[in-house]
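Engineer: So I've got this file, structure36.csv, and it contains CSV, C-alpha atoms and all ligand atoms:
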chain,number,residue,atom,x,y,z
A,1,VAL,CA,-77.5,-29.8,-51.8
A,2,SER,CA,-78.3,-26.1,-51.4
A,3,ARG,CA,-77.0,-23.6,-54.0
A,4,HIS,CA,-77.1,-20.1,-52.8
A,5,GLY,CA,-75.8,-18.3,-55.8
A,6,SER,CA,-74.1,-18.6,-59.1
A,7,PRO,CA,-70.4,-19.4,-59.3
A,8,ALA,CA,-68.0,-16.5,-58.8
A,9,THR,CA,-66.9,-15.0,-62.0
A,10,GLY,CA,-63.1,-15.1,-61.6
A,11,THR,CA,-62.8,-12.0,-59.5
A,12,PRO,CA,-60.5,-11.8,-56.4
A,13,ALA,CA,-62.3,-12.9,-53.3
A,14,ARG,CA,-61.8,-13.1,-49.6
A,15,LEU,CA,-63.3,-16.1,-47.8
A,16,ASP,CA,-63.7,-16.4,-44.1
A,17,VAL,CA,-63.6,-19.6,-42.0
A,18,ASN,CA,-65.5,-19.4,-38.8
A,19,GLU,CA,-63.2,-20.9,-36.2
A,20,ALA,CA,-66.0,-22.2,-34.0
A,21,THR,CA,-68.2,-23.8,-36.7
A,22,GLY,CA,-65.9,-24.4,-39.6
A,23,ARG,CA,-68.4,-22.6,-41.9
A,24,LEU,CA,-66.9,-21.0,-45.0
A,25,THR,CA,-68.3,-17.6,-46.0
A,26,PRO,CA,-69.4,-16.9,-48.6
A,27,ALA,CA,-70.4,-20.5,-49.5
A,28,THR,CA,-72.4,-20.9,-52.6
A,29,THR,CA,-73.1,-24.6,-52.2
A,30,THR,CA,-73.7,-26.3,-48.9
A,31,PHE,CA,-74.7,-29.9,-48.1
A,32,ALA,CA,-75.0,-32.2,-45.1
A,33,ARG,CA,-74.7,-36.0,-45.1
A,34,ARG,CA,-76.4,-38.0,-42.4
A,35,LEU,CA,-75.9,-41.7,-41.8
A,36,ALA,CA,-79.0,-42.5,-44.0
A,37,ASP,CA,-77.2,-40.8,-46.9
A,38,MET,CA,-74.4,-43.3,-46.7
A,39,ARG,CA,-76.2,-46.5,-45.9
A,40,GLY,CA,-74.1,-49.6,-46.3
A,41,MET,CA,-70.8,-47.8,-46.3
A,42,TYR,CA,-69.9,-48.8,-42.7
A,43,ARG,CA,-68.8,-52.4,-41.9
A,44,ASP,CA,-71.1,-53.1,-39.0
A,45,GLY,CA,-74.6,-53.3,-40.4
A,46,GLU,CA,-76.3,-53.9,-37.0
A,47,ALA,CA,-74.6,-50.9,-35.5
A,48,GLU,CA,-75.6,-48.8,-38.5
A,49,ALA,CA,-79.2,-50.0,-38.1
A,50,ARG,CA,-79.3,-49.0,-34.4
A,51,LEU,CA,-77.9,-45.6,-35.1
A,52,LEU,CA,-80.3,-45.0,-38.0
A,53,ALA,CA,-83.1,-44.5,-35.5
A,54,ASP,CA,-81.5,-41.1,-34.7
A,55,ASP,CA,-79.8,-40.7,-38.1
A,56,PRO,CA,-76.9,-38.6,-36.9
A,57,LEU,CA,-75.3,-35.9,-38.9
A,58,ILE,CA,-71.9,-37.1,-40.2
A,59,TYR,CA,-70.6,-34.2,-42.1
A,60,GLU,CA,-71.3,-30.8,-43.7
A,61,VAL,CA,-69.6,-29.2,-46.6
A,62,PHE,CA,-69.4,-25.4,-47.4
A,63,GLN,CA,-68.1,-24.7,-50.8
A,64,TYR,CA,-67.2,-21.5,-52.7
A,65,ASP,CA,-68.1,-22.3,-56.3
A,66,VAL,CA,-66.2,-21.2,-59.3
A,67,PRO,CA,-66.7,-21.9,-63.0
A,68,GLU,CA,-65.9,-25.6,-63.7
A,69,ARG,CA,-63.1,-24.8,-66.2
A,70,THR,CA,-59.4,-25.6,-66.3
A,71,GLY,CA,-57.3,-23.2,-64.1
A,72,GLU,CA,-60.0,-22.5,-61.5
A,73,LEU,CA,-59.9,-23.9,-58.0
A,74,PHE,CA,-62.8,-24.9,-55.8
A,75,VAL,CA,-62.4,-24.1,-52.1
A,76,CYS,CA,-64.5,-25.7,-49.4
A,77,THR,CA,-64.5,-26.6,-45.8
A,78,THR,CA,-65.8,-29.8,-44.3
A,79,VAL,CA,-66.9,-30.3,-40.7
A,80,LEU,CA,-66.8,-34.0,-39.9
A,81,GLN,CA,-68.5,-35.0,-36.6
A,82,PRO,CA,-66.8,-37.3,-34.1
A,83,GLY,CA,-68.4,-40.7,-33.5
A,84,ARG,CA,-68.3,-44.3,-34.6
A,85,VAL,CA,-70.6,-46.8,-36.2
A,86,GLY,CA,-69.6,-49.9,-34.2
A,87,ASP,CA,-65.8,-49.7,-34.1
A,88,GLU,CA,-65.5,-47.7,-37.3
A,89,TYR,CA,-64.9,-43.9,-37.1
A,90,PHE,CA,-67.3,-41.4,-38.7
A,91,MET,CA,-66.0,-40.7,-42.2
A,92,THR,CA,-66.9,-39.0,-45.5
A,93,LYS,CA,-68.2,-41.1,-48.4
A,94,GLY,CA,-65.0,-40.7,-50.3
A,95,HIS,CA,-64.5,-40.5,-54.0
A,96,PHE,CA,-62.2,-40.6,-57.0
A,97,HIS,CA,-62.1,-37.5,-59.1
A,98,SER,CA,-63.9,-38.0,-62.4
A,99,ARG,CA,-60.8,-36.7,-64.0
A,100,ARG,CA,-58.3,-39.0,-62.4
A,101,ASP,CA,-55.4,-36.7,-63.2
A,102,CYS,CA,-56.6,-34.1,-60.7
A,103,ALA,CA,-55.0,-33.8,-57.3
A,104,GLU,CA,-56.3,-32.2,-54.1
A,105,THR,CA,-54.9,-30.7,-50.9
A,106,TYR,CA,-56.4,-30.7,-47.4
A,107,ILE,CA,-55.4,-28.2,-44.8
A,108,GLY,CA,-56.2,-29.2,-41.2
A,109,LEU,CA,-58.0,-26.5,-39.1
A,110,GLN,CA,-59.5,-28.2,-36.1
A,111,GLY,CA,-59.6,-31.7,-34.5
A,112,ALA,CA,-57.7,-34.8,-35.4
A,113,GLY,CA,-58.2,-37.4,-38.1
A,114,GLU,CA,-56.8,-39.2,-41.1
A,115,VAL,CA,-57.1,-38.9,-44.9
A,116,MET,CA,-57.3,-42.4,-46.4
A,117,MET,CA,-56.1,-42.6,-49.9
A,118,MET,CA,-56.3,-45.6,-52.3
A,119,ARG,CA,-54.8,-46.5,-55.6
A,120,ASP,CA,-54.9,-49.9,-57.3
A,121,GLU,CA,-56.7,-51.3,-54.2
A,122,ARG,CA,-53.9,-50.3,-51.8
A,123,CYS,CA,-54.7,-47.9,-49.0
A,124,GLU,CA,-52.6,-45.6,-46.9
A,125,THR,CA,-53.5,-42.9,-44.4
A,126,VAL,CA,-52.0,-39.4,-43.7
A,127,ALA,CA,-52.7,-37.6,-40.5
A,128,LEU,CA,-54.8,-34.4,-40.6
A,129,ALA,CA,-54.8,-31.8,-37.8
A,130,PRO,CA,-54.3,-28.1,-37.3
A,131,GLY,CA,-50.9,-27.2,-38.8
A,132,THR,CA,-50.8,-30.1,-41.2
A,133,VAL,CA,-51.5,-30.4,-44.9
A,134,ALA,CA,-52.4,-33.7,-46.6
A,135,TYR,CA,-51.6,-33.9,-50.3
A,136,VAL,CA,-53.8,-36.2,-52.4
A,137,PRO,CA,-52.0,-37.1,-55.6
A,138,PRO,CA,-53.8,-37.6,-58.9
A,139,HIS,CA,-55.4,-41.0,-59.3
A,140,TYR,CA,-56.0,-41.6,-55.6
A,141,ALA,CA,-59.5,-42.1,-54.1
A,142,HIS,CA,-59.7,-40.2,-50.9
A,143,ARG,CA,-61.9,-40.0,-47.8
A,144,THR,CA,-61.4,-38.3,-44.4
A,145,ILE,CA,-61.9,-39.9,-41.1
A,146,ASN,CA,-62.4,-38.3,-37.7
A,147,THR,CA,-60.5,-40.2,-35.1
A,148,GLY,CA,-60.8,-37.6,-32.4
A,149,SER,CA,-63.5,-36.5,-29.9
A,150,SER,CA,-64.3,-33.1,-31.4
A,151,PRO,CA,-65.3,-32.1,-35.0
A,152,LEU,CA,-62.6,-32.5,-37.6
A,153,VAL,CA,-62.5,-29.3,-39.7
A,154,PHE,CA,-60.4,-29.0,-42.8
A,155,LEU,CA,-60.1,-26.8,-45.9
A,156,ALA,CA,-59.9,-28.5,-49.3
A,157,VAL,CA,-58.6,-27.0,-52.5
A,158,TYR,CA,-59.0,-28.8,-55.8
A,159,PRO,CA,-59.2,-28.2,-59.5
A,160,ALA,CA,-62.6,-27.0,-60.7
A,161,GLN,CA,-62.6,-29.5,-63.5
A,162,ALA,CA,-61.9,-32.5,-61.2
A,163,GLY,CA,-65.5,-33.7,-60.8
A,164,HIS,CA,-66.6,-36.4,-58.3
A,165,ASP,CA,-66.9,-40.1,-58.9
A,166,TYR,CA,-68.7,-41.4,-55.8
A,167,ALA,CA,-70.1,-44.5,-57.6
A,168,SER,CA,-66.8,-46.5,-57.6
A,169,ILE,CA,-66.6,-46.2,-53.9
A,170,GLU,CA,-70.3,-46.8,-53.3
A,171,GLN,CA,-70.0,-50.1,-55.2
A,172,THR,CA,-66.7,-51.5,-53.9
A,173,GLY,CA,-65.6,-49.3,-51.0
A,174,PHE,CA,-62.1,-48.7,-49.9
A,175,ALA,CA,-59.8,-51.7,-49.6
A,176,ALA,CA,-59.1,-50.9,-45.9
A,177,ARG,CA,-61.1,-49.4,-43.0
A,178,LEU,CA,-60.0,-47.4,-40.0
A,179,VAL,CA,-61.4,-48.8,-36.7
A,180,ASP,CA,-60.9,-48.2,-33.0
A,181,ARG,CA,-58.9,-51.0,-31.3
A,182,ASN,CA,-58.8,-50.2,-27.6
A,183,GLY,CA,-58.5,-46.4,-28.4
A,184,THR,CA,-56.0,-46.8,-31.2
A,185,PRO,CA,-57.0,-46.1,-34.8
A,186,THR,CA,-56.1,-49.3,-36.6
A,187,LEU,CA,-56.2,-50.0,-40.3
A,188,VAL,CA,-57.9,-53.3,-41.2
A,189,ASP,CA,-58.7,-55.0,-44.4
A,190,ARG,CA,-62.2,-54.3,-45.6
A,191,LEU,CA,-63.1,-58.0,-45.3
A,192,ALA,CA,-61.8,-58.3,-41.7
A,193,PRO,CA,-64.4,-59.9,-39.4
A,194,LEU,CA,-66.1,-57.8,-36.8
A,195,SER,CA,-64.6,-58.2,-33.4
A,201,FE,FE,-61.7,-34.8,-54.0
Would you give me this structure, written as structure tokens?

Structural biologist:
Amino acid sequence: VSRHGSPATGTPARLDVNEATGRLTPATTTFARRLADMRGMYRDGEAEARLLADDPLIYEVFQYDVPERTGELFVCTTVLQPGRVGDEYFMTKGHFHSRRDCAETYIGLQGAGEVMMMRDERCETVALAPGTVAYVPPHYAHRTINTGSSPLVFLAVYPAQAGHDYASIEQTGFAARLVDRNGTPTLVDRLAPLS
């Protein structure tokens, strides 16, 4: 994680999104996650091990920080690369919000993918593409998945006090996974055998 400055102080701001790269400017926090940063999160361990030799970039986040207090909103873009680990599409780690009563919204900017959401161990997906908005209600874990052949770029807006609970997902994962079945994104149970 790279922090380039202190949170904005509640003054009006204009943010620019680079159409080619998805980079948000100004961004005060940026980070990248490579496959090694999410070891064990994909279902095909052998495919993961093979890919780890190159340790591909999976996604980058560019965030405009604000003070973490009620009423403020974080804004960030995510650039999620296309690719698969075995038959499973590249995806973000996914998280619950530490404060479960905080929602989030994703605005699609480039590419094609899905937002997986889970509550009480039940998963559903909402498509994300330019011109669509995915709404993540309070209490739902959420992760984005690139089902296309180009980077999936989206803008996220969420309450500054939301916080991130990655641990719950790192420990038990989502109840379902999105895999490529003959070119069609298909939702399968997390315990489904490898084909
Ligand atoms: Fe979130």

Engineer: Could the residues of segment 83-193 of chain A that have an atom at most 7 Å from segment 66-73 of chain A be listed as JSON lines, each with its closest atom pair and the distance in Å to one decimal, counting all atoms listed in the file and ordered by chain and ascending residue number?

Structural biologist:
{"residue": "A:Val157", "atom": "CA", "partner": "A:Leu73", "partner_atom": "CA", "distance": 6.4}
{"residue": "A:Tyr158", "atom": "CA", "partner": "A:Leu73", "partner_atom": "CA", "distance": 5.4}
{"residue": "A:Pro159", "atom": "CA", "partner": "A:Leu73", "partner_atom": "CA", "distance": 4.6}
{"residue": "A:Ala160", "atom": "CA", "partner": "A:Glu68", "partner_atom": "CA", "distance": 4.7}
{"residue": "A:Gln161", "atom": "CA", "partner": "A:Glu68", "partner_atom": "CA", "distance": 5.1}

Engineer: Residues at most 12 Å from ligand FE 201 (chain A), using all atoms listed in the file? Could they come as a PDB file with C-alpha atoms, keeping the file's coordinate frame?

Structural biologist:
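Below is the file part.pdb, written as the result:
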ATOM      1  CA  LEU A  73     -59.900 -23.900 -58.000  1.00  0.00           C
ATOM      2  CA  PHE A  74     -62.800 -24.900 -55.800  1.00  0.00           C
ATOM      3  CA  VAL A  75     -62.400 -24.100 -52.100  1.00  0.00           C
ATOM      4  CA  CYS A  76     -64.500 -25.700 -49.400  1.00  0.00           C
ATOM      5  CA  THR A  77     -64.500 -26.600 -45.800  1.00  0.00           C
ATOM      6  CA  THR A  78     -65.800 -29.800 -44.300  1.00  0.00           C
ATOM      7  CA  THR A  92     -66.900 -39.000 -45.500  1.00  0.00           C
ATOM      8  CA  LYS A  93     -68.200 -41.100 -48.400  1.00  0.00           C
ATOM      9  CA  GLY A  94     -65.000 -40.700 -50.300  1.00  0.00           C
ATOM     10  CA  HIS A  95     -64.500 -40.500 -54.000  1.00  0.00           C
ATOM     11  CA  PHE A  96     -62.200 -40.600 -57.000  1.00  0.00           C
ATOM     12  CA  HIS A  97     -62.100 -37.500 -59.100  1.00  0.00           C
ATOM     13  CA  SER A  98     -63.900 -38.000 -62.400  1.00  0.00           C
ATOM     14  CA  ARG A  99     -60.800 -36.700 -64.000  1.00  0.00           C
ATOM     15  CA  ARG A 100     -58.300 -39.000 -62.400  1.00  0.00           C
ATOM     16  CA  ASP A 101     -55.400 -36.700 -63.200  1.00  0.00           C
ATOM     17  CA  CYS A 102     -56.600 -34.100 -60.700  1.00  0.00           C
ATOM     18  CA  ALA A 103     -55.000 -33.800 -57.300  1.00  0.00           C
ATOM     19  CA  GLU A 104     -56.300 -32.200 -54.100  1.00  0.00           C
ATOM     20  CA  THR A 105     -54.900 -30.700 -50.900  1.00  0.00           C
ATOM     21  CA  TYR A 106     -56.400 -30.700 -47.400  1.00  0.00           C
ATOM     22  CA  VAL A 115     -57.100 -38.900 -44.900  1.00  0.00           C
ATOM     23  CA  MET A 116     -57.300 -42.400 -46.400  1.00  0.00           C
ATOM     24  CA  MET A 117     -56.100 -42.600 -49.900  1.00  0.00           C
ATOM     25  CA  ALA A 134     -52.400 -33.700 -46.600  1.00  0.00           C
ATOM     26  CA  TYR A 135     -51.600 -33.900 -50.300  1.00  0.00           C
ATOM     27  CA  VAL A 136     -53.800 -36.200 -52.400  1.00  0.00           C
ATOM     28  CA  PRO A 137     -52.000 -37.100 -55.600  1.00  0.00           C
ATOM     29  CA  PRO A 138     -53.800 -37.600 -58.900  1.00  0.00           C
ATOM     30  CA  HIS A 139     -55.400 -41.000 -59.300  1.00  0.00           C
ATOM     31  CA  TYR A 140     -56.000 -41.600 -55.600  1.00  0.00           C
ATOM     32  CA  ALA A 141     -59.500 -42.100 -54.100  1.00  0.00           C
ATOM     33  CA  HIS A 142     -59.700 -40.200 -50.900  1.00  0.00           C
ATOM     34  CA  ARG A 143     -61.900 -40.000 -47.800  1.00  0.00           C
ATOM     35  CA  THR A 144     -61.400 -38.300 -44.400  1.00  0.00           C
ATOM     36  CA  LEU A 155     -60.100 -26.800 -45.900  1.00  0.00           C
ATOM     37  CA  ALA A 156     -59.900 -28.500 -49.300  1.00  0.00           C
ATOM     38  CA  VAL A 157     -58.600 -27.000 -52.500  1.00  0.00           C
ATOM     39  CA  TYR A 158     -59.000 -28.800 -55.800  1.00  0.00           C
ATOM     40  CA  PRO A 159     -59.200 -28.200 -59.500  1.00  0.00           C
ATOM     41  CA  ALA A 160     -62.600 -27.000 -60.700  1.00  0.00           C
ATOM     42  CA  GLN A 161     -62.600 -29.500 -63.500  1.00  0.00           C
ATOM     43  CA  ALA A 162     -61.900 -32.500 -61.200  1.00  0.00           C
ATOM     44  CA  GLY A 163     -65.500 -33.700 -60.800  1.00  0.00           C
ATOM     45  CA  HIS A 164     -66.600 -36.400 -58.300  1.00  0.00           C
ATOM     46  CA  ASP A 165     -66.900 -40.100 -58.900  1.00  0.00           C
ATOM     47  CA  TYR A 166     -68.700 -41.400 -55.800  1.00  0.00           C
TER      48      TYR A 166
END

Engineer: Between atom CA of Ala127 of chain A and atom CA of Val79 of chain A, what distance in Å does the model show, to one decimal?

Structural biologist: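 Value for the atom CA of Ala127 of chain A-atom CA of Val79 of chain A distance: 16.0 Å.
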
Engineer: For each of A:Ala167, A:Arg84, A:Gln110, A:Ile145, take the minimum atom-to-atom distance to Arg43 of chain A, counting only C-alpha atoms, then give the residue where this is smallest.

Structural biologist: A:Arg84

Engineer: Distance atom CA of Ala175 of chain A-atom CA of Arg34 of chain A, one decimal place?

Structural biologist: 22.7 Å

Engineer: Just want the 12 Å neighbourhood of Ala192 of chain A, counted on all atoms listed in the file, with same-chain residues fewer than 6 positions away dropped. Output as a PyMOL selection string.

Structural biologist: chain A and resi 43-44+175-179+186

Engineer: Which neighbours of Gly45 of chain A fall inside 12 Å, counting all atoms listed in the file, when residues of the same chain fewer than 6 positions from it are skipped, and could you give them as a list in words?

Structural biologist: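 So the residues in contact are Leu35, Met38, Arg39, Leu51, Leu52, Val85, Gly86, Asp87, Glu88 and Leu194 of chain A.
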